[in-house]
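Next comes run.cif, a file with mmCIF, C-alpha atoms.
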data_model
loop_
_atom_site.label_atom_id
_atom_site.label_comp_id
_atom_site.auth_asym_id
_atom_site.auth_seq_id
_atom_site.Cartn_x
_atom_site.Cartn_y
_atom_site.Cartn_z
CA MET A 1 82.58 50.09 91.58
CA SER A 2 78.98 48.94 91.85
CA GLU A 3 76.43 49.73 89.15
CA ARG A 4 73.32 51.75 89.93
CA ASN A 5 70.02 51.74 88.11
CA GLY A 6 69.48 54.83 86.02
CA ARG A 7 73.13 55.60 85.31
CA SER A 8 73.73 57.38 82.04
CA ALA A 9 76.22 56.24 79.42
CA THR A 10 78.61 58.97 80.51
CA ASP A 11 79.02 57.28 83.91
CA HIS A 12 80.88 54.43 82.18
CA ALA A 13 83.26 56.75 80.34
CA PRO A 14 86.77 57.52 81.60
CA VAL A 15 86.89 60.32 84.14
CA PHE A 16 89.17 62.41 81.90
CA CYS A 17 90.33 62.08 78.29
CA LEU A 18 92.86 64.50 76.79
CA ASP A 19 93.54 64.04 73.09
CA GLY A 20 96.27 66.23 71.62
CA VAL A 21 95.55 68.95 74.17
CA GLU A 22 97.63 72.12 74.16
CA PHE A 23 97.34 75.26 76.24
CA ALA A 24 98.95 78.68 75.97
CA TYR A 25 98.24 81.74 78.08
CA PRO A 26 96.85 84.83 76.28
CA GLU A 27 100.25 86.52 76.27
CA GLY A 28 101.57 83.56 74.28
CA GLN A 29 103.36 81.60 77.02
CA THR A 30 103.07 77.88 76.30
CA ALA A 31 102.15 75.84 79.38
CA LEU A 32 101.14 72.51 77.86
CA VAL A 33 102.12 70.99 74.53
CA ARG A 34 100.33 68.24 72.63
CA SER A 35 99.27 65.81 75.37
CA ASP A 36 97.30 62.58 75.51
CA PHE A 37 96.11 61.52 78.94
CA ARG A 38 93.49 59.13 80.35
CA VAL A 39 92.16 58.81 83.89
CA ARG A 40 89.91 55.98 85.07
CA ALA A 41 87.63 56.16 88.08
CA GLY A 42 89.32 55.22 91.34
CA GLU A 43 92.91 55.78 90.19
CA ARG A 44 95.60 57.41 92.34
CA ILE A 45 97.86 59.41 90.03
CA ALA A 46 100.86 61.64 90.72
CA ILE A 47 101.80 64.21 88.10
CA VAL A 48 105.48 64.95 88.64
CA GLY A 49 107.91 67.34 87.04
CA ALA A 50 110.32 70.16 87.73
CA ASN A 51 109.03 73.55 88.82
CA GLY A 52 107.58 75.48 85.88
CA CYS A 53 106.91 72.44 83.69
CA GLY A 54 103.13 72.96 83.64
CA LYS A 55 101.80 70.71 86.43
CA SER A 56 99.63 73.41 87.97
CA THR A 57 98.29 74.42 84.57
CA LEU A 58 97.37 70.81 83.83
CA LEU A 59 95.43 70.63 87.10
CA LYS A 60 93.65 73.90 86.30
CA LEU A 61 92.71 72.46 82.93
CA LEU A 62 91.42 69.26 84.56
CA ASP A 63 89.37 71.48 86.89
CA ALA A 64 88.03 73.53 83.94
CA LEU A 65 89.50 76.75 85.27
CA VAL A 66 91.17 77.09 81.87
CA PHE A 67 90.25 75.43 78.59
CA PRO A 68 92.48 73.87 75.90
CA THR A 69 93.89 76.13 73.22
CA SER A 70 93.69 73.15 70.88
CA GLY A 71 92.90 69.45 71.09
CA ARG A 72 89.96 67.73 72.76
CA PHE A 73 89.20 67.38 76.47
CA THR A 74 86.27 65.34 77.76
CA ALA A 75 85.23 64.59 81.34
CA PHE A 76 82.79 61.80 82.16
CA GLY A 77 82.14 61.50 78.41
CA GLU A 78 81.14 65.15 77.98
CA PRO A 79 83.13 67.91 76.24
CA VAL A 80 84.88 70.42 78.48
CA THR A 81 85.00 73.66 76.54
CA GLU A 82 84.24 77.28 77.25
CA HIS A 83 81.25 77.01 74.93
CA ALA A 84 79.89 73.87 76.62
CA PHE A 85 80.17 75.50 80.05
CA ARG A 86 77.90 78.35 79.00
CA ASP A 87 75.20 75.78 79.76
CA ARG A 88 74.84 76.27 83.51
CA GLU A 89 73.62 72.73 84.12
CA ALA A 90 76.63 71.25 82.25
CA ALA A 91 78.98 73.39 84.33
CA TRP A 92 77.25 72.38 87.58
CA ARG A 93 77.39 68.67 86.68
CA PHE A 94 81.14 69.06 86.34
CA ARG A 95 81.57 71.13 89.53
CA ARG A 96 79.71 68.51 91.55
CA ARG A 97 82.16 65.86 90.36
CA VAL A 98 85.57 67.58 90.41
CA GLY A 99 87.32 69.64 93.08
CA LEU A 100 90.75 71.26 93.25
CA VAL A 101 92.82 71.96 96.37
CA PHE A 102 95.20 74.78 95.47
CA GLN A 103 98.89 74.79 96.37
CA ASN A 104 98.49 78.10 98.19
CA SER A 105 95.54 77.86 100.56
CA ASP A 106 95.38 81.66 100.84
CA ALA A 107 94.43 81.77 97.14
CA GLN A 108 91.50 79.45 97.81
CA LEU A 109 90.07 80.69 101.11
CA PHE A 110 88.00 83.87 100.96
CA SER A 111 84.99 83.57 103.29
CA PRO A 112 84.73 85.42 106.63
CA THR A 113 84.62 82.21 108.67
CA VAL A 114 85.64 78.56 108.30
CA ARG A 115 81.96 77.59 108.57
CA GLU A 116 81.04 79.78 105.62
CA GLU A 117 84.07 78.55 103.67
CA ILE A 118 83.02 74.91 103.92
CA ALA A 119 79.37 75.79 103.22
CA PHE A 120 80.08 77.91 100.13
CA GLY A 121 80.28 75.13 97.51
CA PRO A 122 77.16 73.21 98.56
CA LEU A 123 75.16 76.46 98.77
CA GLN A 124 76.27 77.42 95.25
CA LEU A 125 75.06 74.04 94.01
CA GLY A 126 71.64 74.73 95.48
CA LEU A 127 71.58 72.22 98.33
CA PRO A 128 69.00 72.87 101.07
CA VAL A 129 70.33 74.85 104.02
CA ARG A 130 69.70 71.99 106.46
CA GLU A 131 71.68 69.59 104.27
CA VAL A 132 74.50 72.14 103.99
CA GLU A 133 74.63 72.55 107.77
CA LYS A 134 74.87 68.78 108.18
CA ARG A 135 77.67 68.57 105.63
CA VAL A 136 79.61 71.33 107.36
CA ALA A 137 79.29 69.56 110.71
CA ASP A 138 80.29 66.18 109.22
CA ILE A 139 83.29 67.60 107.35
CA ALA A 140 84.46 69.58 110.39
CA ALA A 141 84.29 66.44 112.54
CA MET A 142 86.12 64.36 109.94
CA LEU A 143 88.93 66.92 109.67
CA GLY A 144 89.00 67.77 113.38
CA VAL A 145 88.32 71.47 112.88
CA GLN A 146 85.10 71.86 114.86
CA GLU A 147 86.68 74.43 117.15
CA LEU A 148 87.74 76.52 114.13
CA LEU A 149 84.32 76.91 112.51
CA ASP A 150 83.73 80.47 113.71
CA ARG A 151 87.28 81.67 113.14
CA THR A 152 88.49 83.59 110.11
CA PRO A 153 90.59 81.38 107.78
CA PHE A 154 93.30 84.03 107.52
CA ARG A 155 94.28 83.59 111.17
CA LEU A 156 94.82 79.84 110.89
CA SER A 157 98.14 77.99 110.70
CA GLY A 158 99.32 76.54 107.41
CA GLY A 159 98.15 73.05 108.34
CA GLU A 160 94.76 74.34 109.50
CA LYS A 161 94.31 76.29 106.27
CA LYS A 162 95.07 73.15 104.26
CA LYS A 163 92.43 71.23 106.23
CA VAL A 164 89.84 73.94 105.60
CA ALA A 165 90.68 74.11 101.88
CA LEU A 166 90.31 70.34 101.63
CA GLY A 167 87.10 70.52 103.64
CA ALA A 168 85.65 73.11 101.27
CA VAL A 169 86.27 70.71 98.38
CA LEU A 170 84.99 67.64 100.23
CA ALA A 171 81.76 69.43 101.17
CA VAL A 172 80.66 69.14 97.54
CA ASN A 173 81.43 65.38 97.70
CA PRO A 174 83.27 65.26 94.36
CA GLN A 175 84.22 62.03 92.62
CA VAL A 176 87.62 63.45 91.65
CA ILE A 177 89.97 65.41 93.93
CA LEU A 178 92.88 67.32 92.38
CA LEU A 179 95.66 68.49 94.70
CA ASP A 180 98.47 70.87 93.74
CA GLU A 181 101.65 70.34 95.82
CA PRO A 182 99.48 69.26 98.79
CA THR A 183 102.31 68.92 101.34
CA ASN A 184 104.01 72.20 100.43
CA GLY A 185 104.70 74.22 103.59
CA LEU A 186 103.26 71.62 105.96
CA ASP A 187 105.06 70.44 109.08
CA PRO A 188 105.75 66.67 109.43
CA ARG A 189 102.69 66.03 111.62
CA SER A 190 100.38 67.80 109.15
CA GLN A 191 101.96 65.93 106.24
CA HIS A 192 101.37 62.62 108.02
CA TRP A 193 97.73 63.54 108.68
CA LEU A 194 97.19 64.56 105.05
CA ASN A 195 98.72 61.34 103.68
CA HIS A 196 96.38 59.26 105.84
CA MET A 197 93.36 61.37 104.92
CA LEU A 198 94.05 60.96 101.21
CA SER A 199 94.45 57.19 101.67
CA ASP A 200 91.08 57.10 103.41
CA LEU A 201 89.47 59.09 100.59
CA HIS A 202 90.89 56.71 98.02
CA ARG A 203 89.54 53.72 99.92
CA ALA A 204 86.16 55.47 99.90
CA GLY A 205 86.27 55.42 96.09
CA LYS A 206 87.60 58.86 95.25
CA THR A 207 89.83 59.41 92.22
CA LEU A 208 92.94 61.31 93.34
CA ILE A 209 95.33 63.28 91.14
CA VAL A 210 98.27 64.95 92.90
CA ALA A 211 100.77 67.29 91.27
CA THR A 212 104.17 67.46 92.97
CA HIS A 213 107.90 67.78 92.43
CA ASP A 214 108.58 66.03 95.77
CA LEU A 215 109.33 62.42 94.87
CA SER A 216 109.44 61.35 98.52
CA ILE A 217 105.65 61.58 98.85
CA VAL A 218 104.80 59.88 95.55
CA PRO A 219 104.88 56.25 96.83
CA LEU A 220 102.52 57.26 99.63
CA LEU A 221 99.96 58.95 97.39
CA ALA A 222 100.00 57.27 93.99
CA ASP A 223 99.99 53.98 92.14
CA ARG A 224 100.52 55.55 88.72
CA VAL A 225 102.90 58.38 87.84
CA VAL A 226 102.74 60.77 84.90
CA VAL A 227 105.99 62.63 84.23
CA MET A 228 106.12 66.09 82.66
CA ASN A 229 109.26 67.46 81.02
CA GLU A 230 110.61 71.00 80.98
CA GLN A 231 109.25 71.48 77.46
CA HIS A 232 105.71 71.28 78.97
CA GLY A 233 104.93 67.86 77.53
CA LEU A 234 104.13 64.45 78.98
CA GLU A 235 107.40 62.50 79.07
CA ALA A 236 106.33 59.17 80.60
CA ASP A 237 103.40 57.37 82.18
CA GLY A 238 103.75 54.22 84.27
CA LEU A 239 103.50 52.43 87.57
CA CYS A 240 104.97 54.21 90.55
CA HIS A 241 107.86 51.83 91.16
CA GLU A 242 108.77 51.75 87.47
CA ILE A 243 108.98 55.54 87.19
CA LEU A 244 110.82 56.09 90.47
CA ASN A 245 113.42 53.47 89.59
CA ASP A 246 114.13 54.99 86.16
CA ARG A 247 117.11 57.15 87.11
CA SER A 248 117.83 58.29 83.55
CA LEU A 249 114.24 59.49 83.14
CA LEU A 250 114.28 61.43 86.41
CA LEU A 251 117.60 63.04 85.51
CA ARG A 252 116.34 63.94 82.04
CA VAL A 253 113.31 65.81 83.38
CA ASN A 254 115.32 67.54 86.15
CA LEU A 255 113.57 65.79 89.04
CA ILE A 256 116.80 64.55 90.58
CA HIS A 257 120.44 65.62 90.63
CA GLU A 258 123.14 63.27 89.37
CA HIS A 259 124.25 62.76 92.99
CA SER A 260 120.80 61.87 94.29
CA HIS A 261 120.54 58.47 96.01
CA TRP A 262 117.65 56.15 96.77
CA HIS A 263 116.92 55.06 100.34
CA GLY A 264 114.02 52.65 100.09
CA PRO A 265 111.20 54.52 98.34
CA VAL A 266 112.74 57.92 99.10
CA VAL A 267 115.10 59.86 96.86
CA GLU A 268 117.60 62.01 98.73
CA PRO A 269 120.35 64.32 97.44
CA HIS A 270 123.97 63.86 98.50
CA THR A 271 126.64 66.37 97.54
CA HIS A 272 129.64 64.07 98.09
CA GLY A 273 131.71 67.00 99.30
CA GLU A 274 130.84 69.35 96.45
CA LYS A 275 130.77 73.04 97.19
CA SER A 276 127.28 74.45 97.64
#
Encoding of this model in structure tokens:
Amino acid sequence: MSERNGRSATDHAPVFCLDGVEFAYPEGQTALVRSDFRVRAGERIAIVGANGCGKSTLLKLLDALVFPTSGRFTAFGEPVTEHAFRDREAAWRFRRRVGLVFQNSDAQLFSPTVREEIAFGPLQLGLPVREVEKRVADIAAMLGVQELLDRTPFRLSGGEKKKVALGAVLAVNPQVILLDEPTNGLDPRSQHWLNHMLSDLHRAGKTLIVATHDLSIVPLLADRVVVMNEQHGLEADGLCHEILNDRSLLLRVNLIHEHSHWHGPVVEPHTHGEKS
């Protein structure tokens, strides 16, 4: 990435650094055990693991929706803590740089219209109204949702809701986009569109981190794969082809069944006549 005059020292730091990070919910449920994790600008990373292993919690932590119970988490060279985010400017610097697309779009969409949904983030960051209007128009054109701008998000299809949720994040123009099970519930055409859109965003310089248990989409969306185990820890970290070809690893973390077979880059289950 090109250098710009006036960049601060934090611009040269890794996007995210987790050092011995742990997280437990207030009721005591452990969601993430001692974890070390680095993300560099421009990476495409898939976080994979069985359901319930802590992938969504890790994304929430990376988005500063929750904060570590212990350990150290820094983003762009600055500490990410509840105390640090009491400084409104520090919190806004982070929010301008990082956006999360939730697994369930209904949990993310809340505005009366699609137009207001896409405009919400930029308005909260204090952008001028004219600039916000331009961003909404540009995002709507990019996603092909111009005709939906005056509709309520709750009456949209699953694929349309996913586009609007992504648009609401893109309107802030973040450097990092986090996506939780992005293809969940999408039809094949919508999945194909989303894969291409994410590839375009990566080529534009965005850092992408996708959490999924669907190994079939990993080669399309990631170059690096981080594997979580069912004990809520980070089990492995490597190149996509290395991780997906490590059958013993995938079995150990409950990402495949012992009768799963590979067909090119896709892992598919076969029962070999077993009773269901």
Give one line per residue of region 147-257 of chain A that approaches region 113-130 of chain A to at most 8 Å, naming the two atoms of the closest pair and their distance in Å to one decimal, counting all atoms listed in the file; sort by chain then ascending residue number and deliver it as CSV.
residue,atom,partner,partner_atom,distance
A:Leu148,CA,A:Val114,CA,6.5
A:Leu149,CA,A:Arg115,CA,4.6
A:Asp150,CA,A:Thr113,CA,5.4
A:Arg151,CA,A:Thr113,CA,5.2
A:Thr152,CA,A:Thr113,CA,4.4
A:Pro153,CA,A:Val114,CA,5.7
A:Val164,CA,A:Val114,CA,6.8
A:Ala165,CA,A:Ile118,CA,8.0
A:Gly167,CA,A:Ile118,CA,6.0
A:Ala168,CA,A:Ile118,CA,4.1
A:Val169,CA,A:Gly121,CA,7.5
A:Ala171,CA,A:Ile118,CA,6.3
A:Val172,CA,A:Pro122,CA,5.5
Expand the PyMOL selection byres ((chain A and resi 101) around 10) into the individual residues it matches in the shown file, reporting them as a PDB file with C-alpha atoms, in the frame of the given file.
ATOM      1  CA  LEU A  59      95.430  70.630  87.100  1.00  0.00           C
ATOM      2  CA  GLY A  99      87.320  69.640  93.080  1.00  0.00           C
ATOM      3  CA  LEU A 100      90.750  71.260  93.250  1.00  0.00           C
ATOM      4  CA  PHE A 102      95.200  74.780  95.470  1.00  0.00           C
ATOM      5  CA  GLN A 103      98.890  74.790  96.370  1.00  0.00           C
ATOM      6  CA  ASN A 104      98.490  78.100  98.190  1.00  0.00           C
ATOM      7  CA  SER A 105      95.540  77.860 100.560  1.00  0.00           C
ATOM      8  CA  ALA A 107      94.430  81.770  97.140  1.00  0.00           C
ATOM      9  CA  GLN A 108      91.500  79.450  97.810  1.00  0.00           C
ATOM     10  CA  LYS A 162      95.070  73.150 104.260  1.00  0.00           C
ATOM     11  CA  LYS A 163      92.430  71.230 106.230  1.00  0.00           C
ATOM     12  CA  VAL A 164      89.840  73.940 105.600  1.00  0.00           C
ATOM     13  CA  ALA A 165      90.680  74.110 101.880  1.00  0.00           C
ATOM     14  CA  LEU A 166      90.310  70.340 101.630  1.00  0.00           C
ATOM     15  CA  GLY A 167      87.100  70.520 103.640  1.00  0.00           C
ATOM     16  CA  ALA A 168      85.650  73.110 101.270  1.00  0.00           C
ATOM     17  CA  VAL A 169      86.270  70.710  98.380  1.00  0.00           C
ATOM     18  CA  LEU A 170      84.990  67.640 100.230  1.00  0.00           C
ATOM     19  CA  ILE A 177      89.970  65.410  93.930  1.00  0.00           C
ATOM     20  CA  LEU A 178      92.880  67.320  92.380  1.00  0.00           C
ATOM     21  CA  LEU A 179      95.660  68.490  94.700  1.00  0.00           C
ATOM     22  CA  ASP A 180      98.470  70.870  93.740  1.00  0.00           C
ATOM     23  CA  GLU A 181     101.650  70.340  95.820  1.00  0.00           C
ATOM     24  CA  PRO A 182      99.480  69.260  98.790  1.00  0.00           C
ATOM     25  CA  VAL A 210      98.270  64.950  92.900  1.00  0.00           C
TER      26      VAL A 210
END
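For the file shown, the residue list from the PyMOL selection byres ((chain A and resi 226) around 8) reads Ile45, Ala46, Ile47, Val48, Arg224, Val225, Val227, Met228, Leu234, Glu235, Ala236, Asp237 and Gly238 of chain A.
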If you count all atoms listed in the file, which residues fall within 9 Å of Leu220 (chain A), apart from same-chain ones fewer than 2 positions away, as a PyMOL selection string?
-> chain A and resi 195-196+199+216-218+222-223
On this file, the PyMOL selection byres ((chain A and resi 77) around 12) gives some set of residues; write that set as a PyMOL selection string.
-> chain A and resi 8-18+38-40+72-76+78-80+90+93-94
Exercise: residues within 12 Å of coordinate (85.9, 64.4, 110.1), counting only C-alpha atoms, as a CSV table (one decimal) with C-alpha atoms, in the coordinates of the input:
chain,number,residue,atom,x,y,z
A,135,ARG,CA,77.7,68.6,105.6
A,136,VAL,CA,79.6,71.3,107.4
A,137,ALA,CA,79.3,69.6,110.7
A,138,ASP,CA,80.3,66.2,109.2
A,139,ILE,CA,83.3,67.6,107.4
A,140,ALA,CA,84.5,69.6,110.4
A,141,ALA,CA,84.3,66.4,112.5
A,142,MET,CA,86.1,64.4,109.9
A,143,LEU,CA,88.9,66.9,109.7
A,144,GLY,CA,89.0,67.8,113.4
A,145,VAL,CA,88.3,71.5,112.9
A,146,GLN,CA,85.1,71.9,114.9
A,163,LYS,CA,92.4,71.2,106.2
A,164,VAL,CA,89.8,73.9,105.6
A,166,LEU,CA,90.3,70.3,101.6
A,167,GLY,CA,87.1,70.5,103.6
A,170,LEU,CA,85.0,67.6,100.2
A,171,ALA,CA,81.8,69.4,101.2
A,193,TRP,CA,97.7,63.5,108.7
A,197,MET,CA,93.4,61.4,104.9
A,200,ASP,CA,91.1,57.1,103.4
A,201,LEU,CA,89.5,59.1,100.6
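Interatomic distance, CA of Ile209 (chain A) to CA of Val176 (chain A): 7.7 Å.
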CA of Phe23 (chain A) and CA of Lys60 (chain A) are how many Å apart?
-> 10.8 Å
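Nearest-residue note for Trp92 (chain A): choosing from A:Ala64, A:Leu249, A:Leu215, A:Leu109, the minimum distance belongs to A:Ala64, counting only C-alpha atoms.
Relative to CA of Glu22 (chain A), CA of Glu230 (chain A) is found at 14.7 Å.
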Please provide the set of residues having any atom within 9 Å of His232 (chain A), restricted to all atoms listed in the file, with same-chain residues fewer than 5 positions apart removed, written as a ChimeraX atom specification.
-> /A:30-34,52-55
To test the calculation: enclose all listed atoms of region 183-190 of chain A in a box whose edges run along x, y and z, add 3 Å on each side, then state centre and edge lengths in Å to one decimal, as lines of an AutoDock Vina configuration file.
center_x = 103.1
center_y = 70.1
center_z = 106.0
size_x = 11.4
size_y = 14.2
size_z = 17.2
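Using all atoms listed in the file for every distance, the candidate list A:Asp106, A:Phe85, A:Gly20, A:Arg189 yields A:Gly20 as the residue closest to Pro68 (chain A).
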Which polymer residues have any atom within 6 Å of an atom of Asp19 (chain A), counting all atoms listed in the file, with same-chain residues fewer than 2 positions away left out, as a list in words?
-> Val21, Asp36, Gly71 and Arg72 of chain A
Take the residues just selected and output them with C-alpha atoms as a PDB file, keeping the file's coordinate frame.
ATOM      1  CA  VAL A  21      95.550  68.950  74.170  1.00  0.00           C
ATOM      2  CA  ASP A  36      97.300  62.580  75.510  1.00  0.00           C
ATOM      3  CA  GLY A  71      92.900  69.450  71.090  1.00  0.00           C
ATOM      4  CA  ARG A  72      89.960  67.730  72.760  1.00  0.00           C
TER       5      ARG A  72
END
Pull the neighbourhood of (85.2, 59.1, 95.3) for me: all residues within 7 Å in file coordinates, counting all atoms listed in the file, as a PyMOL selection string.
-> chain A and resi 42+174-176+201-202+204-207
